[in-house]
Every structure is written in C-alpha cells, then in structure tokens.
file data18.pdb (PDB, C-alpha atoms)
ATOM      1  CA  MET A 415     -77.374  19.955  40.057
ATOM      2  CA  THR A 416     -78.566  23.272  41.414
ATOM      3  CA  ARG A 417     -77.776  25.718  44.197
ATOM      4  CA  ALA A 418     -80.822  24.269  46.026
ATOM      5  CA  LEU A 419     -78.492  21.319  46.600
ATOM      6  CA  SER A 420     -75.763  21.532  49.232
ATOM      7  CA  PHE A 421     -72.846  19.157  49.665
ATOM      8  CA  VAL A 422     -71.153  18.591  53.012
ATOM      9  CA  LEU A 423     -67.693  17.066  52.753
ATOM     10  CA  PRO A 424     -66.206  16.149  56.137
ATOM     11  CA  TYR A 425     -62.440  15.843  55.777
ATOM     12  CA  ASP A 426     -59.316  15.184  57.810
ATOM     13  CA  ALA A 427     -55.592  15.405  57.168
ATOM     14  CA  THR A 428     -55.564  12.089  55.269
ATOM     15  CA  ASN A 429     -58.093  13.151  52.618
ATOM     16  CA  ALA A 430     -57.834  16.973  52.618
ATOM     17  CA  ALA A 431     -56.211  17.184  49.167
ATOM     18  CA  ALA A 432     -58.896  14.992  47.552
ATOM     19  CA  ALA A 433     -61.603  16.956  49.404
ATOM     20  CA  ALA A 434     -60.269  20.264  48.061
ATOM     21  CA  ARG A 435     -60.155  18.993  44.457
ATOM     22  CA  PHE A 436     -63.613  17.496  44.751
ATOM     23  CA  ALA A 437     -65.059  20.638  46.357
ATOM     24  CA  ARG A 438     -63.732  22.857  43.551
ATOM     25  CA  GLU A 439     -65.468  20.654  40.984
ATOM     26  CA  LEU A 440     -68.779  20.406  42.854
ATOM     27  CA  SER A 441     -68.927  24.126  43.668
ATOM     28  CA  ARG A 442     -69.373  24.940  39.983
ATOM     29  CA  SER A 443     -72.976  23.745  40.188
ATOM     30  CA  ALA A 444     -73.917  23.414  43.872
ATOM     31  CA  GLU A 445     -73.124  24.804  47.304
ATOM     32  CA  VAL A 446     -70.248  22.975  49.032
ATOM     33  CA  VAL A 447     -69.306  23.092  52.703
ATOM     34  CA  LEU A 448     -65.965  21.521  53.581
ATOM     35  CA  ALA A 449     -65.634  20.891  57.301
ATOM     36  CA  GLY A 450     -62.851  19.237  59.205
ATOM     37  CA  GLU A 451     -59.300  19.590  60.347
ATOM     38  CA  GLY A 452     -55.963  19.432  58.632
ATOM     39  CA  PRO A 453     -54.108  21.402  55.988
ATOM     40  CA  LEU A 454     -56.401  22.443  53.165
ATOM     41  CA  GLU A 455     -55.269  24.285  50.044
ATOM     42  CA  LEU A 456     -58.513  25.889  48.986
ATOM     43  CA  THR A 457     -59.782  29.442  48.826
ATOM     44  CA  PRO A 458     -63.403  29.816  49.909
ATOM     45  CA  GLY A 459     -65.674  31.709  47.560
ATOM     46  CA  PRO A 460     -69.311  32.019  46.512
ATOM     47  CA  GLY A 461     -70.936  28.659  47.108
ATOM     48  CA  LEU A 462     -67.749  27.200  48.607
ATOM     49  CA  HIS A 463     -67.348  27.362  52.387
ATOM     50  CA  VAL A 464     -64.585  26.009  54.598
ATOM     51  CA  VAL A 465     -65.337  25.388  58.278
ATOM     52  CA  ALA A 466     -62.670  24.415  60.807
ATOM     53  CA  ALA A 467     -64.048  21.553  62.865
ATOM     54  CA  PRO A 468     -61.589  19.605  64.997
ATOM     55  CA  GLY A 469     -62.788  16.341  66.443
ATOM     56  CA  GLY A 470     -63.721  13.987  63.616
ATOM     57  CA  LYS A 471     -66.455  13.313  61.079
ATOM     58  CA  GLY A 472     -69.425  13.849  63.393
ATOM     59  CA  ALA A 473     -68.033  17.149  64.662
ATOM     60  CA  ALA A 474     -67.420  18.231  61.064
ATOM     61  CA  ILE A 475     -71.000  17.448  60.011
ATOM     62  CA  ARG A 476     -72.433  19.367  62.980
ATOM     63  CA  ALA A 477     -70.237  22.384  62.188
ATOM     64  CA  ALA A 478     -71.118  22.300  58.480
ATOM     65  CA  LEU A 479     -74.889  22.226  58.986
ATOM     66  CA  GLY A 480     -74.847  25.846  60.152
ATOM     67  CA  ARG A 481     -73.569  26.930  56.727
ATOM     68  CA  VAL A 482     -75.873  24.813  54.558
ATOM     69  CA  THR A 483     -78.533  26.764  52.639
ATOM     70  CA  GLY A 484     -79.902  24.159  50.190
ATOM     71  CA  ALA A 485     -83.216  22.358  50.680
ATOM     72  CA  VAL A 486     -81.399  19.043  50.100
ATOM     73  CA  THR A 487     -78.042  18.184  51.667
ATOM     74  CA  VAL A 488     -75.737  15.483  50.332
ATOM     75  CA  LEU A 489     -73.270  14.065  52.850
ATOM     76  CA  GLN A 490     -70.325  12.799  50.866
ATOM     77  CA  ASP A 491     -67.108  11.155  51.947
ATOM     78  CA  PRO A 492     -64.521  13.178  50.010
ATOM     79  CA  ASP A 493     -62.390  10.278  48.845
ATOM     80  CA  THR A 494     -64.906   9.050  46.257
ATOM     81  CA  ALA A 495     -66.601  11.155  43.589
ATOM     82  CA  TRP A 496     -69.523  10.190  41.423
ATOM     83  CA  SER A 497     -70.846  11.359  38.089
ATOM     84  CA  PRO A 498     -73.638  13.988  38.097
ATOM     85  CA  ASP A 499     -76.288  11.415  37.116
ATOM     86  CA  VAL A 500     -75.584   9.507  40.361
ATOM     87  CA  TYR A 501     -76.323  12.642  42.383
ATOM     88  CA  ASP A 502     -79.484  13.227  40.358
ATOM     89  CA  ALA A 503     -80.656   9.660  41.131
ATOM     90  CA  LEU A 504     -79.740  10.104  44.801
ATOM     91  CA  VAL A 505     -81.877  13.220  45.319
ATOM     92  CA  LYS A 506     -84.764  12.135  43.082
ATOM     93  CA  PRO A 507     -86.782  10.363  45.859
ATOM     94  CA  ILE A 508     -86.517  13.508  48.002
ATOM     95  CA  GLN A 509     -87.598  15.749  45.129
ATOM     96  CA  ALA A 510     -90.510  13.367  44.422
ATOM     97  CA  ASP A 511     -91.448  13.596  48.128
ATOM     98  CA  THR A 512     -91.213   9.836  48.636
ATOM     99  CA  ALA A 513     -88.239   9.976  51.040
ATOM    100  CA  ASP A 514     -86.596  12.231  53.611
ATOM    101  CA  ALA A 515     -83.231  10.469  53.449
ATOM    102  CA  VAL A 516     -81.669   8.464  50.625
ATOM    103  CA  PHE A 517     -78.653   6.196  50.980
ATOM    104  CA  GLY A 518     -76.458   5.143  48.070
ATOM    105  CA  ARG A 519     -76.253   1.352  48.022
ATOM    106  CA  ARG A 520     -72.777   0.134  47.132
ATOM    107  CA  SER A 521     -72.323  -3.133  45.307
ATOM    108  CA  PHE A 522     -69.613  -5.447  46.541
ATOM    109  CA  PRO A 523     -68.435  -7.744  43.745
ATOM    110  CA  GLY A 524     -67.162 -11.003  45.182
ATOM    111  CA  LEU A 525     -68.934 -10.310  48.451
ATOM    112  CA  THR A 526     -68.170 -13.700  49.934
ATOM    113  CA  ARG A 527     -64.399 -13.591  49.475
ATOM    114  CA  GLY A 528     -61.543 -11.162  49.658
ATOM    115  CA  LEU A 529     -63.250  -8.202  51.300
ATOM    116  CA  ALA A 530     -61.017  -5.621  52.917
ATOM    117  CA  PRO A 531     -61.330  -5.505  56.718
ATOM    118  CA  GLU A 532     -63.002  -2.062  56.597
ATOM    119  CA  LEU A 533     -65.696  -3.400  54.230
ATOM    120  CA  LEU A 534     -66.310  -6.350  56.534
ATOM    121  CA  ALA A 535     -66.613  -3.924  59.458
ATOM    122  CA  ASP A 536     -69.066  -1.775  57.432
ATOM    123  CA  ARG A 537     -71.182  -4.846  56.675
ATOM    124  CA  ALA A 538     -71.210  -5.973  60.325
ATOM    125  CA  LEU A 539     -72.102  -2.519  61.635
ATOM    126  CA  GLY A 540     -74.670  -2.175  58.862
ATOM    127  CA  HIS A 541     -76.347  -5.438  59.915
ATOM    128  CA  PHE A 542     -76.439  -4.246  63.519
ATOM    129  CA  THR A 543     -77.865  -0.849  62.494
ATOM    130  CA  ARG A 544     -80.593  -2.531  60.432
ATOM    131  CA  PHE A 545     -81.415  -4.818  63.371
ATOM    132  CA  VAL A 546     -81.685  -1.900  65.828
ATOM    133  CA  THR A 547     -83.746   0.351  63.541
ATOM    134  CA  ASP A 548     -85.809  -2.240  61.669
ATOM    135  CA  VAL A 549     -85.215  -0.147  58.551
ATOM    136  CA  ALA A 550     -84.792  -2.081  55.314
ATOM    137  CA  LEU A 551     -81.522  -0.545  54.109
ATOM    138  CA  THR A 552     -78.926  -2.828  52.579
ATOM    139  CA  ASP A 553     -76.032  -0.412  53.061
ATOM    140  CA  PRO A 554     -76.907   2.102  55.817
ATOM    141  CA  LEU A 555     -73.297   3.186  56.387
ATOM    142  CA  THR A 556     -72.549   4.242  52.832
ATOM    143  CA  GLY A 557     -70.379   7.313  52.225
ATOM    144  CA  LEU A 558     -72.983   8.915  49.941
ATOM    145  CA  ARG A 559     -76.305  10.035  51.419
ATOM    146  CA  ALA A 560     -78.858  12.762  50.704
ATOM    147  CA  PHE A 561     -81.242  14.308  53.218
ATOM    148  CA  ARG A 562     -84.028  16.798  53.264
ATOM    149  CA  THR A 563     -82.034  19.501  55.076
ATOM    150  CA  GLU A 564     -84.764  20.162  57.641
ATOM    151  CA  ALA A 565     -84.836  16.435  58.516
ATOM    152  CA  LEU A 566     -81.059  16.343  58.918
ATOM    153  CA  ARG A 567     -81.122  19.408  61.173
ATOM    154  CA  SER A 568     -83.926  17.919  63.296
ATOM    155  CA  VAL A 569     -81.687  15.177  64.713
ATOM    156  CA  THR A 570     -79.291  15.992  67.523
ATOM    157  CA  LEU A 571     -75.977  14.436  66.580
ATOM    158  CA  THR A 572     -73.581  13.683  69.432
ATOM    159  CA  SER A 573     -70.955  11.403  67.891
ATOM    160  CA  ASP A 574     -67.712  13.143  67.023
ATOM    161  CA  ASP A 575     -66.250  10.334  64.937
ATOM    162  CA  ASP A 576     -67.373   7.877  62.238
ATOM    163  CA  ALA A 577     -70.075   6.515  64.570
ATOM    164  CA  VAL A 578     -72.145   9.441  63.299
ATOM    165  CA  ASP A 579     -73.046   7.318  60.249
ATOM    166  CA  ALA A 580     -74.956   4.792  62.374
ATOM    167  CA  GLU A 581     -76.285   7.551  64.646
ATOM    168  CA  LEU A 582     -77.907   9.285  61.655
ATOM    169  CA  VAL A 583     -79.784   6.142  60.616
ATOM    170  CA  VAL A 584     -80.923   5.311  64.147
ATOM    171  CA  LYS A 585     -82.132   8.832  64.974
ATOM    172  CA  LEU A 586     -83.868   9.406  61.633
ATOM    173  CA  ALA A 587     -85.628   6.049  61.951
ATOM    174  CA  ALA A 588     -86.654   6.853  65.543
ATOM    175  CA  GLN A 589     -88.296  10.063  64.331
ATOM    176  CA  LEU A 590     -90.122   8.067  61.625
ATOM    177  CA  PHE A 591     -88.507   9.816  58.689
ATOM    178  CA  ARG A 592     -88.846   7.990  55.382
ATOM    179  CA  LEU A 593     -85.542   6.289  54.479
ATOM    180  CA  THR A 594     -84.761   4.592  51.188
ATOM    181  CA  GLU A 595     -81.760   3.697  49.068
ATOM    182  CA  VAL A 596     -80.709   3.824  45.438
ATOM    183  CA  PRO A 597     -78.062   1.660  43.785
ATOM    184  CA  LEU A 598     -74.688   3.161  43.013
ATOM    185  CA  PRO A 599     -72.713   2.141  39.950
ATOM    186  CA  PRO A 600     -69.849  -0.224  40.761
ATOM    187  CA  THR A 601     -67.161   2.255  39.731
ATOM    188  CA  PRO A 602     -66.938   5.744  41.197
ATOM    189  CA  VAL A 603     -65.106   8.615  39.525
ATOM    190  CA  VAL A 604     -61.725   9.212  41.180
ATOM    191  CA  PRO A 605     -61.299  12.869  42.241
ATOM    192  CA  ARG A 606     -58.726  14.613  40.073
TER     193      ARG A 606
END

call {"tool": "encode", "arguments": {"input": "data18.pdb", "output": "structure tokens"}}
result
Amino acid sequence: MTRALSFVLPYDATNAAAAARFARELSRSAEVVLAGEGPLELTPGPGLHVVAAPGGKGAAIRAALGRVTGAVTVLQDPDTAWSPDVYDALVKPIQADTADAVFGRRSFPGLTRGLAPELLADRALGHFTRFVTDVALTDPLTGLRAFRTEALRSVTLTSDDDAVDAELVVKLAAQLFRLTEVPLPPTPVVPR
C-alpha cells in the first residue's frame, strides 16, 4: 500500500474502538480518514485524520471526502479488516485502468440456510440494486470498496445513513463509470 491510497472509515459509537485500532494499523502505510460520531480514542497525526460527522454513514463519507488526498479511495466498514494482499487485489483493476470502482465480493458459505437477518437484507437490497442499475455485481453492498477518487467525488451523495451503499452503485452506474468486483477470502482479519 502507498500514500497514493486513502482509506475512509465511517464509524459510530458501536464500532469506534475497532475503527481506531484499525486506523492506527492502516495509517502506517496509507492515508486514513476516520469520520463519524461517538467517542474515539485516537490522536490524529500525519496521514491519520479524524473528522466529526454526525448523522450516519453517508454523512461521514461526505465529510471524509474533503480530507482525502489519494488517487484511489477505499471505503471500508471498520469492523472487518483484511490482509494487505486483499487491498492490493481490490485496487488492481483501478491501477490497470480497467475499472473506476471495485467492490469486494463476499462469499456466503451455506447461503441457502442459516443466514443472519442482516445478510438476508443485504442480499435482498443487493438484488434490487442490481435490477435498478443493470450492473453485473454479485455483492454491490459489500463493506469493502475502492474507487478512483475523482469518480467518487463526482457523485452527489444525499443519503445520511447506510442507504449510501446502494446510492453509490446507482449513481456511479448512471454516470457510466466502470464497475467490477473481486472475490474476498472467506475469513477477514479481526482488528486487534
């Protein structure tokens, strides 16, 4: 990872501690912008920015984009970390100029049985998003996405909450940006 890569971690009171731990780790090799609301035990420093953004995930992403300096921005839910090779695979299509946005495709072992309600909701909303956009993404609402920063800034985001995930896909597709996905390993790294 390089400083040409920026991470945006939207957080709230429920995941602030994990976000802070994760941000410290990521900021060793890339720019990190933490944005959200809630108690956060983290001292900002070079390459590590904290932005107060009350209102939810969408509001946090909008607030963070003003601080991003990298050519590629990774939007990451702070409760799940990945190994560096996953991030390398995620940004590779952008670096190869074959995509403007890349979505990490989660695998769901035992997909037909025993899914948590939030995973079922993700699948249903994902199906609807694919139907509306006609974009061939298996998992458009994943918590790990990379964007060419200029493409991400070109969309006007209005959702303040988690609906921003679907809004990003719909608005990028409407502007004819190139969207693709890469598989994620089945087991993420748990933030320390």

call {"tool": "resolve_selection", "arguments": {"input": "data18.pdb", "expression": "the PyMOL selection byres ((chain A and resi 516) around 12)", "output": "PyMOL selection string"}}
result
chain A and resi 486-489+500-515+517-519+550-563+565-566+582-583+586+591-598

call {"tool": "resolve_selection", "arguments": {"input": "data18.pdb", "expression": "the PyMOL selection byres ((chain A and resi 569) around 10)", "output": "MDAnalysis selection string"}}
result
chainID A and resid 564:568 570:572 581:582 584:586 588:589

call {"tool": "atom_distance", "arguments": {"input": "data18.pdb", "atom1": "CA of Val465 (chain A)", "atom2": "CA of Gly450 (chain A)"}}
result
6.7 Å

call {"tool": "residues_around", "arguments": {"input": "data18.pdb", "residues": "Ala466 (chain A)", "least_positions_apart": "4", "cutoff": "10 Å", "atoms": "only C-alpha atoms", "output": "PyMOL selection string"}}
result
chain A and resi 425+448-452+473-474+477-478

call {"tool": "resolve_selection", "arguments": {"input": "data18.pdb", "expression": "the PyMOL selection byres ((chain A and resi 471) around 10)", "output": "PDB file with C-alpha atoms, in the frame of the given file"}}
result
ATOM      1  CA  LEU A 423     -67.693  17.066  52.753  1.00  0.00           C
ATOM      2  CA  PRO A 424     -66.206  16.149  56.137  1.00  0.00           C
ATOM      3  CA  TYR A 425     -62.440  15.843  55.777  1.00  0.00           C
ATOM      4  CA  ASP A 426     -59.316  15.184  57.810  1.00  0.00           C
ATOM      5  CA  ALA A 449     -65.634  20.891  57.301  1.00  0.00           C
ATOM      6  CA  GLY A 450     -62.851  19.237  59.205  1.00  0.00           C
ATOM      7  CA  GLU A 451     -59.300  19.590  60.347  1.00  0.00           C
ATOM      8  CA  ALA A 467     -64.048  21.553  62.865  1.00  0.00           C
ATOM      9  CA  PRO A 468     -61.589  19.605  64.997  1.00  0.00           C
ATOM     10  CA  GLY A 469     -62.788  16.341  66.443  1.00  0.00           C
ATOM     11  CA  GLY A 470     -63.721  13.987  63.616  1.00  0.00           C
ATOM     12  CA  GLY A 472     -69.425  13.849  63.393  1.00  0.00           C
ATOM     13  CA  ALA A 473     -68.033  17.149  64.662  1.00  0.00           C
ATOM     14  CA  ALA A 474     -67.420  18.231  61.064  1.00  0.00           C
ATOM     15  CA  ILE A 475     -71.000  17.448  60.011  1.00  0.00           C
ATOM     16  CA  ARG A 476     -72.433  19.367  62.980  1.00  0.00           C
ATOM     17  CA  ALA A 477     -70.237  22.384  62.188  1.00  0.00           C
ATOM     18  CA  ASP A 491     -67.108  11.155  51.947  1.00  0.00           C
ATOM     19  CA  SER A 573     -70.955  11.403  67.891  1.00  0.00           C
ATOM     20  CA  ASP A 574     -67.712  13.143  67.023  1.00  0.00           C
ATOM     21  CA  ASP A 575     -66.250  10.334  64.937  1.00  0.00           C
ATOM     22  CA  ASP A 576     -67.373   7.877  62.238  1.00  0.00           C
ATOM     23  CA  ALA A 577     -70.075   6.515  64.570  1.00  0.00           C
ATOM     24  CA  VAL A 578     -72.145   9.441  63.299  1.00  0.00           C
ATOM     25  CA  ASP A 579     -73.046   7.318  60.249  1.00  0.00           C
TER      26      ASP A 579
END

call {"tool": "atom_distance", "arguments": {"input": "data18.pdb", "atom1": "CA of Ala485 (chain A)", "atom2": "CA of Pro453 (chain A)"}}
result
29.6 Å

call {"tool": "residues_around", "arguments": {"input": "data18.pdb", "residues": "region 430-443 of chain A", "least_positions_apart": "6", "cutoff": "12 Å", "atoms": "all atoms listed in the file", "output": "PyMOL selection string"}}
result
chain A and resi 415-424+449-464+488+490-498+501+603-606
